[in-house]
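Colleague: You'll find run_12.cif just under this line, and it carries mmCIF, C-alpha atoms.
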```cif
data_structure
#
loop_
_atom_site.label_atom_id
_atom_site.label_comp_id
_atom_site.auth_asym_id
_atom_site.auth_seq_id
_atom_site.Cartn_x
_atom_site.Cartn_y
_atom_site.Cartn_z
CA MET A 2 -19.44 200.81 -38.42
CA LEU A 3 -22.33 200.53 -35.98
CA PRO A 4 -21.43 200.29 -32.28
CA TRP A 5 -21.31 196.67 -31.09
CA LYS A 6 -24.05 197.30 -28.55
CA ARG A 7 -26.48 198.32 -31.29
CA VAL A 8 -25.47 195.35 -33.43
CA LEU A 9 -25.66 192.71 -30.71
CA ARG A 10 -28.93 193.80 -29.12
CA PRO A 11 -31.14 192.80 -32.07
CA LEU A 12 -29.00 189.72 -32.63
CA ALA A 13 -29.61 188.55 -29.06
CA ALA A 14 -33.32 189.19 -29.45
CA LEU A 15 -33.35 187.30 -32.74
CA LEU A 16 -31.62 184.28 -31.21
CA LEU A 17 -34.06 184.15 -28.32
CA THR A 18 -37.01 184.48 -30.70
CA ALA A 19 -35.69 181.73 -32.93
CA ALA A 20 -35.11 179.47 -29.94
CA VAL A 21 -38.65 180.00 -28.72
CA ALA A 22 -40.02 179.23 -32.17
CA ALA A 23 -37.91 176.09 -32.49
CA VAL A 24 -39.44 174.34 -29.50
CA PRO A 25 -43.24 174.13 -29.38
CA ALA A 26 -44.68 175.96 -26.42
CA ALA A 27 -47.40 173.33 -26.47
CA THR A 28 -45.32 171.14 -24.20
CA ALA A 29 -47.92 172.21 -21.61
CA HIS A 30 -45.78 172.08 -18.49
CA ALA A 31 -48.51 171.54 -15.94
CA SER A 32 -50.32 168.69 -17.67
CA THR A 33 -47.12 166.94 -18.73
CA THR A 34 -45.72 167.04 -15.23
CA SER A 35 -48.96 165.82 -13.70
CA SER A 36 -49.36 162.95 -16.15
CA SER A 37 -45.73 161.92 -15.64
CA GLY A 38 -46.32 161.58 -11.91
CA TRP A 39 -43.91 164.04 -10.37
CA ASN A 40 -44.77 167.31 -8.60
CA ASP A 41 -47.41 165.29 -6.76
CA TYR A 42 -47.94 167.22 -3.54
CA SER A 43 -49.85 164.33 -2.01
CA CYS A 44 -46.72 162.15 -2.15
CA LYS A 45 -45.33 161.19 1.25
CA PRO A 46 -41.69 160.12 1.48
CA SER A 47 -41.16 156.49 2.49
CA ALA A 48 -38.91 155.12 5.20
CA ALA A 49 -36.57 153.91 2.45
CA HIS A 50 -36.44 157.35 0.81
CA PRO A 51 -37.36 159.84 3.52
CA ARG A 52 -36.40 163.01 1.66
CA PRO A 53 -38.13 164.54 -1.37
CA VAL A 54 -35.95 165.18 -4.40
CA VAL A 55 -36.04 168.62 -6.01
CA LEU A 56 -34.82 168.77 -9.60
CA VAL A 57 -33.25 172.05 -10.73
CA HIS A 58 -33.04 172.57 -14.50
CA GLY A 59 -30.20 174.22 -16.38
CA THR A 60 -29.92 177.40 -18.43
CA LEU A 61 -32.58 177.51 -21.17
CA GLY A 62 -34.23 174.48 -19.56
CA ASN A 63 -37.52 174.19 -17.74
CA SER A 64 -39.24 172.09 -15.10
CA VAL A 65 -40.55 169.54 -17.58
CA ASP A 66 -38.31 169.18 -20.60
CA ASN A 67 -35.10 168.88 -18.57
CA TRP A 68 -36.52 165.98 -16.54
CA LEU A 69 -38.60 163.84 -18.89
CA SER A 70 -36.23 160.92 -18.24
CA LEU A 71 -34.69 161.48 -14.81
CA ALA A 72 -37.91 162.37 -12.96
CA PRO A 73 -39.69 159.11 -13.89
CA TYR A 74 -36.44 157.19 -13.24
CA LEU A 75 -36.38 158.44 -9.64
CA LYS A 76 -40.13 158.20 -9.15
CA ASP A 77 -40.06 154.55 -10.24
CA ARG A 78 -37.47 153.97 -7.52
CA GLY A 79 -39.77 155.25 -4.82
CA TYR A 80 -38.85 158.93 -4.49
CA CYS A 81 -41.19 161.88 -4.18
CA VAL A 82 -39.92 164.08 -7.01
CA TYR A 83 -40.48 167.78 -7.67
CA SER A 84 -39.21 170.32 -10.19
CA LEU A 85 -39.50 174.07 -10.57
CA ASP A 86 -39.09 176.79 -13.16
CA TYR A 87 -36.77 179.65 -12.20
CA GLY A 88 -34.95 182.59 -13.73
CA GLN A 89 -37.72 183.69 -16.08
CA LEU A 90 -37.20 186.70 -18.33
CA SER A 91 -40.21 188.80 -19.23
CA GLY A 92 -41.60 187.83 -22.62
CA VAL A 93 -39.51 184.66 -22.94
CA PRO A 94 -41.58 181.48 -22.44
CA VAL A 95 -40.35 177.88 -22.15
CA PHE A 96 -36.66 178.80 -21.78
CA TYR A 97 -35.72 179.71 -18.22
CA GLY A 98 -32.60 180.10 -16.09
CA LEU A 99 -31.69 183.44 -17.68
CA GLY A 100 -32.35 185.78 -14.76
CA PRO A 101 -29.81 186.79 -12.08
CA ILE A 102 -28.68 183.66 -10.27
CA ASP A 103 -29.04 185.13 -6.79
CA LYS A 104 -32.70 185.86 -7.55
CA SER A 105 -33.13 182.36 -8.94
CA ALA A 106 -31.69 180.97 -5.71
CA GLN A 107 -34.45 182.76 -3.79
CA GLN A 108 -37.01 181.10 -6.04
CA LEU A 109 -35.43 177.75 -5.21
CA SER A 110 -35.56 178.59 -1.51
CA ASP A 111 -39.28 179.33 -1.71
CA PHE A 112 -39.91 176.13 -3.67
CA VAL A 113 -38.01 173.92 -1.22
CA ASP A 114 -40.04 175.42 1.63
CA LYS A 115 -43.22 174.54 -0.28
CA VAL A 116 -42.07 170.95 -0.86
CA LEU A 117 -41.00 170.44 2.76
CA ALA A 118 -44.32 171.80 4.02
CA ALA A 119 -46.28 169.48 1.72
CA THR A 120 -44.28 166.33 2.43
CA GLY A 121 -43.57 166.90 6.12
CA ALA A 122 -39.90 166.11 5.54
CA ALA A 123 -37.20 167.88 7.51
CA LYS A 124 -34.79 168.10 4.58
CA ALA A 125 -34.73 167.70 0.82
CA ASP A 126 -32.15 166.44 -1.65
CA LEU A 127 -31.34 168.59 -4.69
CA VAL A 128 -30.32 167.34 -8.14
CA GLY A 129 -29.37 169.97 -10.68
CA HIS A 130 -28.15 170.02 -14.28
CA SER A 131 -25.65 172.65 -15.44
CA GLN A 132 -26.65 175.98 -13.83
CA GLY A 133 -29.04 173.86 -11.76
CA GLY A 134 -26.05 172.31 -10.05
CA LEU A 135 -24.36 175.67 -9.49
CA MET A 136 -27.26 177.91 -8.43
CA PRO A 137 -28.28 175.83 -5.37
CA ARG A 138 -24.86 176.46 -3.86
CA TYR A 139 -25.85 180.12 -3.45
CA TYR A 140 -29.03 178.99 -1.68
CA LEU A 141 -27.00 176.74 0.61
CA ARG A 142 -24.40 179.38 1.46
CA PHE A 143 -26.37 182.62 1.65
CA LEU A 144 -30.08 181.83 2.01
CA GLY A 145 -30.17 179.30 4.83
CA GLY A 146 -30.48 176.28 2.57
CA ALA A 147 -27.88 174.20 4.41
CA ALA A 148 -30.36 173.64 7.24
CA LYS A 149 -32.94 172.27 4.80
CA VAL A 150 -30.83 170.22 2.39
CA ASN A 151 -29.13 166.89 2.93
CA ALA A 152 -27.36 166.49 -0.42
CA LEU A 153 -26.69 168.36 -3.65
CA VAL A 154 -25.98 166.35 -6.79
CA GLY A 155 -24.66 168.45 -9.67
CA ILE A 156 -24.81 167.00 -13.19
CA ALA A 157 -22.27 168.89 -15.32
CA PRO A 158 -22.41 171.96 -13.06
CA ASP A 159 -20.29 174.99 -13.95
CA ASN A 160 -19.18 175.42 -10.35
CA HIS A 161 -16.23 177.65 -11.15
CA GLY A 162 -17.65 179.23 -14.25
CA THR A 163 -17.25 178.40 -17.89
CA THR A 164 -15.26 179.59 -20.87
CA LEU A 165 -17.77 178.01 -23.29
CA SER A 166 -14.92 176.17 -24.98
CA GLY A 167 -12.94 179.42 -25.08
CA LEU A 168 -15.64 181.63 -26.58
CA THR A 169 -15.95 183.87 -23.52
CA ASN A 170 -12.29 184.79 -23.93
CA LEU A 171 -13.32 186.70 -27.05
CA LEU A 172 -15.67 189.08 -25.19
CA PRO A 173 -13.01 191.74 -24.51
CA TYR A 174 -12.50 192.06 -28.27
CA PHE A 175 -16.12 193.17 -28.74
CA PRO A 176 -16.63 196.46 -26.87
CA GLY A 177 -19.90 196.50 -25.00
CA ALA A 178 -20.63 192.79 -25.53
CA ALA A 179 -20.08 191.81 -21.89
CA ASP A 180 -22.25 194.68 -20.65
CA LEU A 181 -25.00 193.74 -23.11
CA LEU A 182 -24.89 190.12 -22.00
CA LYS A 183 -25.19 191.14 -18.36
CA ALA A 184 -28.05 193.52 -19.09
CA THR A 185 -30.11 191.18 -21.27
CA THR A 186 -29.34 187.71 -19.85
CA PRO A 187 -27.73 188.15 -16.42
CA GLY A 188 -28.01 184.44 -15.69
CA LEU A 189 -25.58 183.78 -18.52
CA ALA A 190 -23.20 186.55 -17.49
CA ASP A 191 -23.10 185.22 -13.91
CA GLN A 192 -21.77 181.89 -15.19
CA ILE A 193 -18.77 183.24 -17.06
CA ALA A 194 -15.52 182.31 -15.35
CA GLY A 195 -14.32 185.20 -13.19
CA SER A 196 -17.73 186.88 -12.83
CA ASP A 197 -18.54 188.89 -9.72
CA PHE A 198 -21.20 186.32 -8.84
CA LEU A 199 -18.77 183.40 -8.91
CA THR A 200 -16.11 185.33 -7.03
CA LYS A 201 -18.57 185.91 -4.20
CA LEU A 202 -19.94 182.36 -4.27
CA ASN A 203 -16.57 180.61 -4.15
CA ALA A 204 -14.84 182.93 -1.70
CA GLY A 205 -13.97 181.00 1.44
CA GLY A 206 -14.41 177.53 -0.06
CA ASP A 207 -16.69 175.51 -2.30
CA THR A 208 -18.94 173.89 0.28
CA VAL A 209 -20.84 174.50 3.50
CA PRO A 210 -20.91 172.12 6.48
CA GLY A 211 -23.69 169.58 6.81
CA VAL A 212 -24.38 169.03 3.10
CA ARG A 213 -23.10 166.13 0.97
CA TYR A 214 -21.98 167.16 -2.51
CA THR A 215 -21.65 165.00 -5.61
CA VAL A 216 -20.45 166.24 -9.00
CA LEU A 217 -20.97 164.16 -12.16
CA ALA A 218 -18.86 165.30 -15.11
CA THR A 219 -18.14 164.15 -18.64
CA LYS A 220 -14.88 164.83 -20.40
CA TYR A 221 -16.85 165.53 -23.58
CA ASP A 222 -18.55 168.56 -22.05
CA GLU A 223 -18.45 171.47 -24.49
CA VAL A 224 -20.43 173.96 -22.38
CA ALA A 225 -19.15 173.83 -18.78
CA THR A 226 -15.49 174.07 -19.70
CA PRO A 227 -12.82 173.17 -18.87
CA TRP A 228 -14.70 170.18 -17.47
CA ARG A 229 -12.36 169.77 -14.48
CA THR A 230 -13.52 173.15 -13.16
CA GLN A 231 -16.86 171.52 -12.43
CA TYR A 232 -15.30 169.65 -9.51
CA LEU A 233 -15.67 170.86 -5.95
CA SER A 234 -13.18 170.74 -3.07
CA GLY A 235 -14.27 169.88 0.44
CA SER A 236 -14.45 167.20 3.09
CA ASP A 237 -17.86 165.84 2.02
CA VAL A 238 -17.46 165.95 -1.77
CA THR A 239 -17.52 163.13 -4.30
CA ASN A 240 -16.34 164.07 -7.80
CA VAL A 241 -17.13 161.55 -10.53
CA LEU A 242 -16.04 161.41 -14.16
CA LEU A 243 -18.49 159.27 -16.12
CA GLN A 244 -15.77 157.89 -18.36
CA ASP A 245 -14.05 156.40 -15.30
CA LEU A 246 -17.23 154.36 -14.78
CA CYS A 247 -17.86 153.57 -18.45
CA PRO A 248 -15.21 154.51 -21.03
CA LEU A 249 -17.82 154.02 -23.76
CA ASP A 250 -20.03 156.81 -22.44
CA LEU A 251 -19.89 159.62 -25.02
CA SER A 252 -22.42 161.94 -23.39
CA GLU A 253 -21.73 165.66 -23.65
CA HIS A 254 -23.23 168.51 -21.65
CA VAL A 255 -26.85 168.09 -22.68
CA ALA A 256 -27.04 164.30 -22.91
CA ILE A 257 -25.60 163.69 -19.45
CA GLY A 258 -28.57 165.47 -17.91
CA LEU A 259 -31.37 164.55 -20.27
CA PHE A 260 -31.08 160.81 -20.93
CA ASP A 261 -27.81 159.25 -19.76
CA ARG A 262 -28.90 156.35 -17.55
CA ILE A 263 -25.32 155.73 -16.48
CA ALA A 264 -25.36 159.21 -14.96
CA PHE A 265 -28.84 158.53 -13.56
CA HIS A 266 -27.58 155.39 -11.80
CA GLU A 267 -24.87 157.46 -10.17
CA VAL A 268 -27.47 160.06 -9.14
CA ALA A 269 -29.42 157.27 -7.41
CA ASN A 270 -26.23 156.16 -5.65
CA ALA A 271 -25.60 159.71 -4.44
CA LEU A 272 -29.13 160.00 -3.09
CA ASP A 273 -28.92 156.68 -1.24
CA PRO A 274 -25.23 155.91 -0.62
CA ALA A 275 -26.06 153.22 1.95
CA HIS A 276 -27.52 151.09 -0.84
CA ALA A 277 -25.25 152.17 -3.70
CA THR A 278 -24.32 149.62 -6.34
CA ALA A 279 -21.47 149.76 -8.84
CA THR A 280 -22.08 151.97 -11.84
CA THR A 281 -20.84 150.43 -15.09
CA CYS A 282 -21.65 150.53 -18.80
CA ALA A 283 -24.39 147.98 -18.03
CA SER A 284 -26.13 150.63 -15.92
CA ALA A 285 -27.39 152.07 -19.21
CA PHE A 286 -29.88 149.19 -19.26
CA SER A 287 -30.83 149.16 -15.58
#
```
Show me, as structure tokens, the structure contained in the file I just sent.

Modeller:
Amino acid sequence: MLPWKRVLRPLAALLLTAAVAAVPAATAHASTTSSSGWNDYSCKPSAAHPRPVVLVHGTLGNSVDNWLSLAPYLKDRGYCVYSLDYGQLSGVPVFYGLGPIDKSAQQLSDFVDKVLAATGAAKADLVGHSQGGLMPRYYLRFLGGAAKVNALVGIAPDNHGTTLSGLTNLLPYFPGAADLLKATTPGLADQIAGSDFLTKLNAGGDTVPGVRYTVLATKYDEVATPWRTQYLSGSDVTNVLLQDLCPLDLSEHVAIGLFDRIAFHEVANALDPAHATATTCASAFS
């Protein structure tokens, strides 16, 4: 039998190649973003919404496709909205968030600095989906982000790692599989429950002073599992289960970030708590 490392290496490459082929690269990030109205560096925050909003995509996402619904939703409500690509692997277009998360956090740091310089704002608000809700916490804790960020809203963030519905528990039965995953897609390996990255990030508490945290979760999440591990603990944390707001909401891990307007309404509430309104099933039509 071939060693698992030799078997899994071409399999991983094949999966990445198939994924790239499945989604047209012609999404043309720059033109799509420009025509949709976000990443407009001439935008000046208003008195009503004085902080720019930086959107942080999830694993295998990108700065456009992850935000085709939420970015216009926030822009239409008067926010200056920005999004970035991070965690690129050499030779892999369109699908990002696969590089080491600490390196991705530095990319976020640089991007926030760029946004603050352009808008003249003192602080930004961050909204992230999946890894995009987890990764900024490294920026806040270790890279000075707490001085530049007012709030972090995580949509289905794997804050304490994931078991991928139990699949990661099988890794020890495949010799070399964990090492291969870390070598080829470190951003994935960093998110596995119990990883060295997560142990460092969560040591000493989930939050840092001065930042408001909101976590939006769905009990139908099949990726960031168990879903309750998404929640944070701390004095300035709001944890929200969508089904407590609307029992009819069936969104899973992808849908909650891509097009769930019930979740979007709660994002808007988290960004502007002074003017928050009740989130219900009817929020899907607001």

Colleague: I would like the residues chosen by the PyMOL selection byres ((chain A and resi 199) around 12) on the shown file; could you give them as a PyMOL selection string?

Modeller: chain A and resi 101-103+132+135-136+138-139+159-163+188-198+200-207

Colleague: Report, in Å to a single decimal, how far apart CA of Lys149 in chain A and CA of Lys115 in chain A are.

Modeller: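 CA of Lys149 in chain A lies 11.7 Å from CA of Lys115 in chain A.
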
Colleague: Between CA of Gly134 in chain A and CA of Cys247 in chain A, what distance in Å does the model show, to one decimal?

Modeller: 22.1 Å

Colleague: I would like the residues chosen by the PyMOL selection byres ((chain A and resi 55-60) around 9) on the shown file; could you give them as a count of residues only?

Modeller: 43

Colleague: Distance CA of Thr280 in chain A-CA of Leu246 in chain A, one decimal place?

Modeller: 6.2 Å

Colleague: Could range 216-238 of chain A be completed with N, CA, C and O atoms and written as a compact mmCIF listing (two decimals), keeping the file's coordinate frame, please?

Modeller:
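So part11.txt came out as:
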```
# COMPACT_ATOMS: atom_id res chain seq x y z
N VAL A 216 -20.57 165.62 -7.68
CA VAL A 216 -20.45 166.24 -9.00
C VAL A 216 -20.25 165.13 -10.03
O VAL A 216 -19.34 164.30 -9.89
N LEU A 217 -21.10 165.11 -11.05
CA LEU A 217 -20.97 164.16 -12.16
C LEU A 217 -20.55 164.93 -13.40
O LEU A 217 -21.27 165.84 -13.84
N ALA A 218 -19.41 164.58 -13.96
CA ALA A 218 -18.86 165.30 -15.11
C ALA A 218 -18.60 164.34 -16.26
O ALA A 218 -18.45 163.13 -16.06
N THR A 219 -18.56 164.89 -17.46
CA THR A 219 -18.14 164.15 -18.64
C THR A 219 -17.01 164.91 -19.32
O THR A 219 -17.06 166.14 -19.42
N LYS A 220 -16.02 164.16 -19.76
CA LYS A 220 -14.88 164.83 -20.40
C LYS A 220 -15.23 165.36 -21.78
O LYS A 220 -14.43 166.09 -22.40
N TYR A 221 -16.42 165.03 -22.28
CA TYR A 221 -16.85 165.53 -23.58
C TYR A 221 -17.72 166.78 -23.46
O TYR A 221 -18.32 167.22 -24.44
N ASP A 222 -17.76 167.35 -22.27
CA ASP A 222 -18.55 168.56 -22.05
C ASP A 222 -18.00 169.71 -22.89
O ASP A 222 -16.81 170.01 -22.84
N GLU A 223 -18.86 170.35 -23.65
CA GLU A 223 -18.45 171.47 -24.49
C GLU A 223 -19.02 172.79 -23.99
O GLU A 223 -18.76 173.84 -24.58
N VAL A 224 -19.79 172.74 -22.90
CA VAL A 224 -20.43 173.96 -22.38
C VAL A 224 -19.80 174.38 -21.06
O VAL A 224 -19.36 175.53 -20.93
N ALA A 225 -19.78 173.52 -20.07
CA ALA A 225 -19.15 173.83 -18.78
C ALA A 225 -17.69 173.45 -18.87
O ALA A 225 -17.28 172.35 -18.50
N THR A 226 -16.89 174.37 -19.38
CA THR A 226 -15.49 174.07 -19.70
C THR A 226 -14.53 175.01 -18.97
O THR A 226 -14.90 176.14 -18.63
N PRO A 227 -13.29 174.55 -18.76
CA PRO A 227 -12.82 173.17 -18.87
C PRO A 227 -13.58 172.26 -17.90
O PRO A 227 -13.93 172.70 -16.80
N TRP A 228 -13.80 171.01 -18.26
CA TRP A 228 -14.70 170.18 -17.47
C TRP A 228 -14.19 169.96 -16.06
O TRP A 228 -14.99 169.79 -15.13
N ARG A 229 -12.89 170.00 -15.85
CA ARG A 229 -12.36 169.77 -14.48
C ARG A 229 -12.76 170.89 -13.53
O ARG A 229 -12.75 170.70 -12.30
N THR A 230 -13.11 172.05 -14.05
CA THR A 230 -13.52 173.15 -13.16
C THR A 230 -14.91 172.91 -12.57
O THR A 230 -15.35 173.67 -11.70
N GLN A 231 -15.58 171.87 -13.01
CA GLN A 231 -16.86 171.52 -12.43
C GLN A 231 -16.68 170.94 -11.02
O GLN A 231 -17.58 171.02 -10.18
N TYR A 232 -15.54 170.34 -10.77
CA TYR A 232 -15.30 169.65 -9.51
C TYR A 232 -15.28 170.63 -8.33
O TYR A 232 -14.89 171.79 -8.46
N LEU A 233 -15.70 170.11 -7.20
CA LEU A 233 -15.67 170.86 -5.95
C LEU A 233 -14.57 170.31 -5.04
O LEU A 233 -14.17 169.15 -5.14
N SER A 234 -14.13 171.15 -4.10
CA SER A 234 -13.18 170.74 -3.07
C SER A 234 -13.88 170.84 -1.72
O SER A 234 -14.61 171.81 -1.46
N GLY A 235 -13.66 169.86 -0.88
CA GLY A 235 -14.27 169.88 0.44
C GLY A 235 -14.25 168.51 1.07
O GLY A 235 -13.98 167.50 0.39
N SER A 236 -14.55 168.46 2.35
CA SER A 236 -14.45 167.20 3.09
C SER A 236 -15.58 166.23 2.78
O SER A 236 -15.44 165.03 2.98
N ASP A 237 -16.72 166.72 2.29
CA ASP A 237 -17.86 165.84 2.02
C ASP A 237 -18.26 165.97 0.55
O ASP A 237 -19.42 166.19 0.22
N VAL A 238 -17.26 165.81 -0.33
CA VAL A 238 -17.46 165.95 -1.77
C VAL A 238 -17.05 164.67 -2.47
O VAL A 238 -16.01 164.08 -2.15
```
